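Pasting work_35.cif here (mmCIF, C-alpha atoms):
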data_input
loop_
_atom_site.label_atom_id
_atom_site.label_comp_id
_atom_site.auth_asym_id
_atom_site.auth_seq_id
_atom_site.Cartn_x
_atom_site.Cartn_y
_atom_site.Cartn_z
CA MET A 1 -41.04 1.36 -49.17
CA ILE A 2 -42.17 2.63 -45.75
CA ASP A 3 -40.53 5.83 -44.56
CA GLY A 4 -37.15 5.12 -42.93
CA LEU A 5 -36.79 1.56 -44.24
CA ASP A 6 -33.66 1.31 -46.33
CA PRO A 7 -33.83 -0.97 -49.40
CA VAL A 8 -30.06 -1.55 -49.27
CA ILE A 9 -30.25 -2.88 -45.70
CA HIS A 10 -33.64 -4.59 -45.95
CA ALA A 11 -32.30 -7.92 -47.31
CA PRO A 12 -31.96 -10.25 -44.25
CA LYS A 13 -28.27 -11.13 -44.76
CA ARG A 14 -27.29 -7.48 -45.19
CA LEU A 15 -29.40 -6.45 -42.23
CA ALA A 16 -27.69 -9.10 -40.06
CA ALA A 17 -24.25 -7.99 -41.32
CA MET A 18 -25.08 -4.37 -40.47
CA ALA A 19 -26.30 -5.37 -36.99
CA VAL A 20 -23.03 -7.23 -36.33
CA LEU A 21 -20.97 -4.30 -37.64
CA ALA A 22 -22.91 -1.82 -35.49
CA ASN A 23 -21.74 -3.69 -32.41
CA ALA A 24 -18.06 -4.25 -33.13
CA THR A 25 -14.93 -2.22 -33.76
CA THR A 26 -14.13 -4.16 -36.93
CA VAL A 27 -15.44 -7.48 -38.24
CA THR A 28 -13.47 -10.02 -40.23
CA PHE A 29 -14.74 -11.65 -43.41
CA LYS A 30 -14.50 -15.04 -41.69
CA PHE A 31 -16.63 -13.99 -38.72
CA LEU A 32 -19.40 -12.69 -40.98
CA LYS A 33 -19.19 -15.72 -43.25
CA ASP A 34 -19.48 -18.13 -40.29
CA TYR A 35 -22.24 -16.12 -38.63
CA LEU A 36 -24.36 -15.69 -41.75
CA GLY A 37 -23.64 -19.19 -43.04
CA VAL A 38 -23.05 -18.03 -46.61
CA ALA A 39 -20.52 -18.78 -49.32
CA ASP A 40 -17.52 -16.49 -49.91
CA SER A 41 -18.96 -15.16 -53.16
CA ASP A 42 -22.37 -14.49 -51.62
CA LEU A 43 -20.85 -12.55 -48.71
CA SER A 44 -18.58 -10.59 -51.07
CA LYS A 45 -21.62 -9.61 -53.11
CA HIS A 46 -23.58 -8.39 -50.07
CA MET A 47 -20.61 -6.50 -48.63
CA SER A 48 -19.88 -4.86 -52.00
CA ALA A 49 -23.47 -3.56 -52.06
CA LEU A 50 -23.06 -2.11 -48.56
CA GLU A 51 -19.70 -0.62 -49.50
CA ALA A 52 -21.15 0.92 -52.68
CA ALA A 53 -23.84 2.60 -50.55
CA GLY A 54 -21.10 4.06 -48.34
CA TYR A 55 -22.26 2.08 -45.29
CA VAL A 56 -19.16 -0.07 -44.88
CA ALA A 57 -15.40 0.49 -45.27
CA THR A 58 -13.16 -2.44 -46.20
CA THR A 59 -9.53 -3.03 -45.23
CA LYS A 60 -7.38 -5.77 -46.70
CA SER A 61 -4.11 -6.74 -45.03
CA GLY A 62 -1.46 -9.36 -45.74
CA HIS A 63 -0.98 -11.58 -48.77
CA GLY A 64 -1.76 -15.17 -49.72
CA ARG A 65 -3.14 -17.47 -47.04
CA GLY A 66 -2.49 -14.96 -44.25
CA ALA A 67 -4.56 -12.23 -45.94
CA THR A 68 -7.37 -10.77 -43.86
CA THR A 69 -10.33 -8.69 -44.97
CA THR A 70 -11.98 -6.61 -42.29
CA TYR A 71 -15.03 -4.37 -42.39
CA ARG A 72 -16.11 -1.46 -40.27
CA MET A 73 -19.31 0.53 -40.32
CA THR A 74 -19.05 4.14 -41.52
CA LYS A 75 -20.90 7.07 -39.95
CA THR A 76 -23.31 7.03 -42.91
CA GLY A 77 -23.87 3.32 -42.33
CA GLN A 78 -24.45 3.87 -38.63
CA GLN A 79 -27.05 6.52 -39.40
CA ALA A 80 -28.79 4.39 -42.05
CA TYR A 81 -28.82 1.36 -39.74
CA THR A 82 -30.25 3.34 -36.80
CA THR A 83 -32.94 4.88 -39.01
CA HIS A 84 -33.88 1.46 -40.43
CA ARG A 85 -33.96 -0.09 -36.97
CA ASP A 86 -36.13 2.73 -35.58
CA ALA A 87 -38.50 2.49 -38.55
CA LEU A 88 -38.98 -1.25 -37.92
CA ARG A 89 -39.58 -0.62 -34.23
CA ASN A 90 -42.12 2.12 -35.07
CA LEU A 91 -43.88 -0.21 -37.46
CA LEU A 92 -44.40 -2.73 -34.69
CA ASP A 93 -44.91 -0.48 -31.65
CA GLY A 94 -45.98 2.84 -33.18
CA PRO A 95 -43.78 6.00 -33.03
CA GLN A 96 -41.74 6.20 -29.77
CA MET B 97 -45.80 -5.93 -43.03
CA GLU B 98 -45.85 -6.23 -39.21
CA SER B 99 -44.75 -9.87 -39.36
CA ASP B 100 -41.93 -8.88 -41.74
CA ALA B 101 -40.90 -6.12 -39.31
CA GLY B 102 -41.03 -8.58 -36.42
CA GLU B 103 -38.81 -11.05 -38.29
CA GLN B 104 -36.34 -8.27 -39.16
CA LEU B 105 -36.17 -7.18 -35.52
CA ARG B 106 -35.46 -10.79 -34.48
CA ILE B 107 -32.63 -10.92 -37.03
CA ILE B 108 -31.31 -7.64 -35.61
CA GLU B 109 -31.47 -8.81 -31.99
CA ARG B 110 -29.57 -12.03 -32.73
CA ALA B 111 -26.99 -10.34 -34.96
CA GLU B 112 -26.40 -7.45 -32.54
CA ALA B 113 -25.62 -10.01 -29.83
CA ALA B 114 -23.23 -12.02 -32.03
CA PRO B 115 -20.04 -10.01 -31.36
CA TYR B 116 -20.67 -10.37 -27.60
CA VAL B 117 -21.45 -14.07 -27.49
CA SER B 118 -19.58 -15.66 -30.43
CA TYR B 119 -15.95 -15.68 -29.40
CA PRO B 120 -13.09 -18.17 -29.11
CA LYS B 121 -12.45 -19.73 -25.70
CA THR B 122 -10.39 -17.47 -23.45
CA ALA B 123 -6.87 -18.84 -22.96
CA TRP B 124 -5.87 -19.83 -19.40
CA TRP B 125 -2.88 -17.48 -19.54
CA TYR B 126 -4.94 -14.38 -20.32
CA PRO B 127 -5.65 -13.22 -16.71
CA PRO B 128 -2.05 -13.60 -15.42
CA VAL B 129 -0.63 -11.96 -18.55
CA VAL B 130 -2.91 -8.93 -18.12
CA GLY B 131 -1.99 -8.90 -14.41
CA ALA B 132 1.72 -9.03 -15.29
CA TRP B 133 1.28 -6.20 -17.78
CA VAL B 134 -0.36 -3.99 -15.13
CA ALA B 135 2.39 -4.92 -12.64
CA GLY B 136 4.94 -4.02 -15.32
CA MET B 137 3.26 -0.65 -15.88
CA ILE B 138 3.42 0.12 -12.16
CA GLY B 139 6.97 -1.27 -11.96
CA THR B 140 8.26 1.20 -14.55
CA PHE B 141 7.71 3.96 -11.99
CA THR B 142 10.73 2.60 -10.12
CA TRP B 143 12.78 4.58 -12.64
CA TRP B 144 10.48 7.59 -12.83
CA ARG B 145 12.90 9.97 -11.11
CA GLU B 146 16.11 7.88 -11.25
CA ASN B 147 16.39 7.17 -14.95
CA SER B 148 13.89 8.90 -17.25
CA ALA B 149 15.28 7.21 -20.41
CA LEU B 150 14.70 3.76 -18.91
CA PHE B 151 11.28 4.85 -17.63
CA PHE B 152 10.04 6.11 -21.00
CA ALA B 153 11.59 3.19 -22.90
CA SER B 154 9.82 0.70 -20.58
CA LEU B 155 6.52 2.56 -21.00
CA ALA B 156 6.91 2.58 -24.79
CA ILE B 157 7.64 -1.17 -24.86
CA LEU B 158 4.65 -1.95 -22.66
CA LEU B 159 2.34 0.24 -24.76
CA ALA B 160 3.63 -1.37 -27.98
CA LEU B 161 3.01 -4.81 -26.46
CA GLU B 162 -0.52 -3.74 -25.54
CA LEU B 163 -1.26 -2.47 -29.04
CA GLY B 164 0.11 -5.67 -30.60
CA PHE B 165 -1.93 -7.75 -28.16
CA LEU B 166 -5.15 -5.84 -28.90
CA ASN B 167 -4.54 -6.23 -32.62
CA TRP B 168 -4.02 -9.98 -32.24
CA MET B 169 -7.10 -10.28 -30.00
CA GLN B 170 -9.22 -8.40 -32.50
CA ARG B 171 -8.19 -10.68 -35.36
CA ARG B 172 -8.62 -13.81 -33.22
CA HIS B 173 -12.07 -12.76 -32.05
CA GLY B 174 -13.21 -11.62 -35.48
CA ALA B 175 -15.71 -9.05 -34.16
CA MET B 176 -14.52 -7.40 -31.00
CA PRO B 177 -17.26 -5.44 -29.20
CA PHE B 178 -16.29 -1.98 -28.02
CA PRO B 179 -17.79 -0.50 -24.84
CA GLY B 180 -19.74 2.66 -25.58
CA ARG B 181 -20.70 1.58 -29.08
CA GLY B 182 -23.62 -0.60 -30.09
CA ARG B 183 -26.21 -2.30 -27.91
CA PRO B 184 -24.90 -5.11 -25.73
CA PRO B 185 -27.45 -7.74 -24.64
CA ARG B 186 -28.81 -6.83 -21.18
CA GLU B 187 -26.95 -9.73 -19.50
CA ILE B 188 -23.62 -8.46 -20.85
CA GLY B 189 -24.55 -4.81 -20.23
CA ARG B 190 -25.07 -5.54 -16.54
CA LEU B 191 -21.69 -7.29 -16.35
CA TRP B 192 -19.91 -4.40 -18.07
CA LYS B 193 -21.48 -1.96 -15.64
CA GLY B 194 -20.06 -3.99 -12.75
CA TYR B 195 -16.67 -4.14 -14.46
CA PHE B 196 -16.44 -0.38 -14.92
CA LEU B 197 -17.61 0.27 -11.37
CA THR B 198 -15.01 -2.14 -9.96
CA LEU B 199 -12.12 -0.70 -11.99
CA PRO B 200 -11.77 2.59 -10.05
CA VAL B 201 -11.96 0.65 -6.76
CA ILE B 202 -8.96 -1.47 -7.84
CA VAL B 203 -7.10 1.68 -8.93
CA LEU B 204 -7.76 3.29 -5.52
CA VAL B 205 -6.62 0.18 -3.62
CA VAL B 206 -3.41 -0.04 -5.68
CA ALA B 207 -2.80 3.71 -5.22
CA ALA B 208 -3.24 3.35 -1.44
CA VAL B 209 -0.83 0.39 -1.34
CA TRP B 210 1.61 2.37 -3.49
CA TRP B 211 1.46 5.31 -1.08
CA LEU B 212 1.89 3.08 1.98
CA GLY B 213 4.28 0.43 0.69
CA GLY B 214 5.98 1.74 -2.43
CA VAL B 215 6.18 0.69 -6.06
CA PRO B 216 7.16 -3.03 -5.73
CA VAL B 217 4.34 -3.78 -3.26
CA ALA B 218 1.85 -1.86 -5.45
CA ALA B 219 3.02 -3.82 -8.52
CA GLY B 220 2.49 -7.10 -6.64
CA THR B 221 -0.93 -5.99 -5.45
CA GLY B 222 -1.85 -4.87 -8.97
CA PHE B 223 -0.83 -8.28 -10.34
CA VAL B 224 -2.92 -10.19 -7.79
CA LEU B 225 -6.02 -7.97 -8.01
CA VAL B 226 -6.04 -7.71 -11.81
CA THR B 227 -5.36 -11.42 -12.35
CA ALA B 228 -8.09 -12.42 -9.91
CA GLY B 229 -10.47 -9.76 -11.24
CA ILE B 230 -10.03 -10.74 -14.88
CA TRP B 231 -10.34 -14.44 -14.04
CA TYR B 232 -13.60 -13.80 -12.17
CA TYR B 233 -14.91 -11.48 -14.90
CA GLU B 234 -14.16 -14.03 -17.63
CA ARG B 235 -16.05 -16.74 -15.70
CA ARG B 236 -19.06 -14.44 -15.20
CA TYR B 237 -18.88 -13.35 -18.85
CA ALA B 238 -18.99 -16.95 -20.09
CA ILE B 239 -22.09 -17.59 -17.96
CA ALA B 240 -23.79 -14.38 -19.18
CA ALA B 241 -22.94 -15.18 -22.81
CA ALA B 242 -24.40 -18.68 -22.44
CA LYS B 243 -27.62 -17.14 -21.05
CA VAL B 244 -27.85 -14.77 -24.04
CA ARG B 245 -27.29 -17.64 -26.50
CA GLU B 246 -30.02 -19.63 -24.76
CA ARG B 247 -32.46 -16.69 -24.75
CA LEU B 248 -31.95 -15.85 -28.41
CA GLY B 249 -31.82 -19.44 -29.59
#
Could you show the structure in this file as structure tokens?
Amino acid sequence: MIDGLDPVIHAPKRLAAMAVLANATTVTFKFLKDYLGVADSDLSKHMSALEAAGYVATTKSGHGRGATTTYRMTKTGQQAYTTHRDALRNLLDGPQ
Amino acid sequence: MESDAGEQLRIIERAEAAPYVSYPKTAWWYPPVVGAWVAGMIGTFTWWRENSALFFASLAILLALELGFLNWMQRRHGAMPFPGRGRPPREIGRLWKGYFLTLPVIVLVVAAVWWLGGVPVAAGTGFVLVTAGIWYYERRYAIAAAKVRERLG
């Protein structure tokens, strides 16, 4: 793996999820699911991996049909995302 | 590796723009409601010296309404962008810059009207300026968001 590229973020769906999270206060499960065009179970799997790495924090509110799951990026996640993004940019353009 | 990096950066660019350009249609009542809220905020100052209990109670109610509204908006939107965080697409960034430059001008105009005409006139002016300003901003935002969607495909 090239220096700065993060294997946890490298998968396209996780990378896209991190990019969305980096630009929003919080993001709902539904928004991510619609944007990524994935099944519930697939999204849950990706978000669990990001949560296990400490990149994402999850909040669940309500019960039954009104229940909402929201995600927000942690400081560690923000740092990892920025580093990954910069590494990609350096790979294409050379160090800034 | 370069083509992989290029593809990843395209994914990033589209996904970073998503919170700014994927949002439910703005309701027609949004601008006048925000205008009424601002007018209400100014209006509470009628009781500033006369009745401090009523003044603080009105402020508390208006702030609670604002918090509830923001919470509802955030859940409705799904991914609410927050100024100062992230990287807005350049079309939206330009619009935000204009928004934040206009805001102090509106505050100064309302303050001048307040000084010259008193609280009720300032509240009325605040309602008109904020309603018109938000309505105009929302129209411009929809156009900018459409341009971003078109650019990113």
Could you write out as JSON the box around range 10-21 of chain A (axis-aligned, all atoms listed in the file, 3 Å on each side), with centre and edge lengths in Å to one decimal?
{"center_x": -27.3, "center_y": -7.7, "center_z": -41.8, "size_x": 18.7, "size_y": 12.8, "size_z": 17.0}
Can you check which parts of chain B lie within 6 Å of chain A? Per residue, the shortest pair of atoms and distance in Å to one decimal, counting all atoms listed in the file, sorted by chain and number, as a tab-separated table.
residue	atom	partner	partner_atom	distance
B:Glu98	CA	A:Leu92	CA	5.9
B:Ala101	CA	A:Leu88	CA	5.4
B:Ile108	CA	A:Ala19	CA	5.7
B:Ala111	CA	A:Val20	CA	5.2
B:Glu112	CA	A:Ala19	CA	4.9
B:Gly174	CA	A:Thr28	CA	5.0
B:Ala175	CA	A:Val27	CA	4.4
B:Met176	CA	A:Ala24	CA	5.2
B:Pro177	CA	A:Ala24	CA	4.2
B:Phe178	CA	A:Ala24	CA	5.9
B:Gly182	CA	A:Asn23	CA	4.3
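Atom to atom, CA of Tyr55 in chain A and CA of Val244 in chain B stand 27.7 Å apart.
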Step by step, work through what the PyMOL selection byres ((chain B and resi 184-190) around 12) selects in the shown file, and finish by giving those residues as a ChimeraX atom specification. /A:19-20,22-24 /B:108-117,176-183,191-197,233-234,236-248
Exercise for review: Identify all residues satisfying the PyMOL selection byres ((chain B and resi 138-152) around 8) in the given file; provide them as number ranges by chain.
Suggested key: B: 134-137, 153-156, 215-216, 218-219, 222
I need the chosen residues saved as a PDB file, keeping the file's coordinate frame, with C-alpha atoms.
ATOM      1  CA  VAL B 134      -0.360  -3.990 -15.130  1.00  0.00           C
ATOM      2  CA  ALA B 135       2.390  -4.920 -12.640  1.00  0.00           C
ATOM      3  CA  GLY B 136       4.940  -4.020 -15.320  1.00  0.00           C
ATOM      4  CA  MET B 137       3.260  -0.650 -15.880  1.00  0.00           C
ATOM      5  CA  ALA B 153      11.590   3.190 -22.900  1.00  0.00           C
ATOM      6  CA  SER B 154       9.820   0.700 -20.580  1.00  0.00           C
ATOM      7  CA  LEU B 155       6.520   2.560 -21.000  1.00  0.00           C
ATOM      8  CA  ALA B 156       6.910   2.580 -24.790  1.00  0.00           C
ATOM      9  CA  VAL B 215       6.180   0.690  -6.060  1.00  0.00           C
ATOM     10  CA  PRO B 216       7.160  -3.030  -5.730  1.00  0.00           C
ATOM     11  CA  ALA B 218       1.850  -1.860  -5.450  1.00  0.00           C
ATOM     12  CA  ALA B 219       3.020  -3.820  -8.520  1.00  0.00           C
ATOM     13  CA  GLY B 222      -1.850  -4.870  -8.970  1.00  0.00           C
TER      14      GLY B 222
END
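Residues matched by the PyMOL selection byres ((chain B and resi 124) around 12) in this file are Lys121, Thr122, Ala123, Trp125, Tyr126, Pro127, Pro128, Val129, Val130, Thr227, Ile230, Trp231, Glu234 and Arg235 of chain B.
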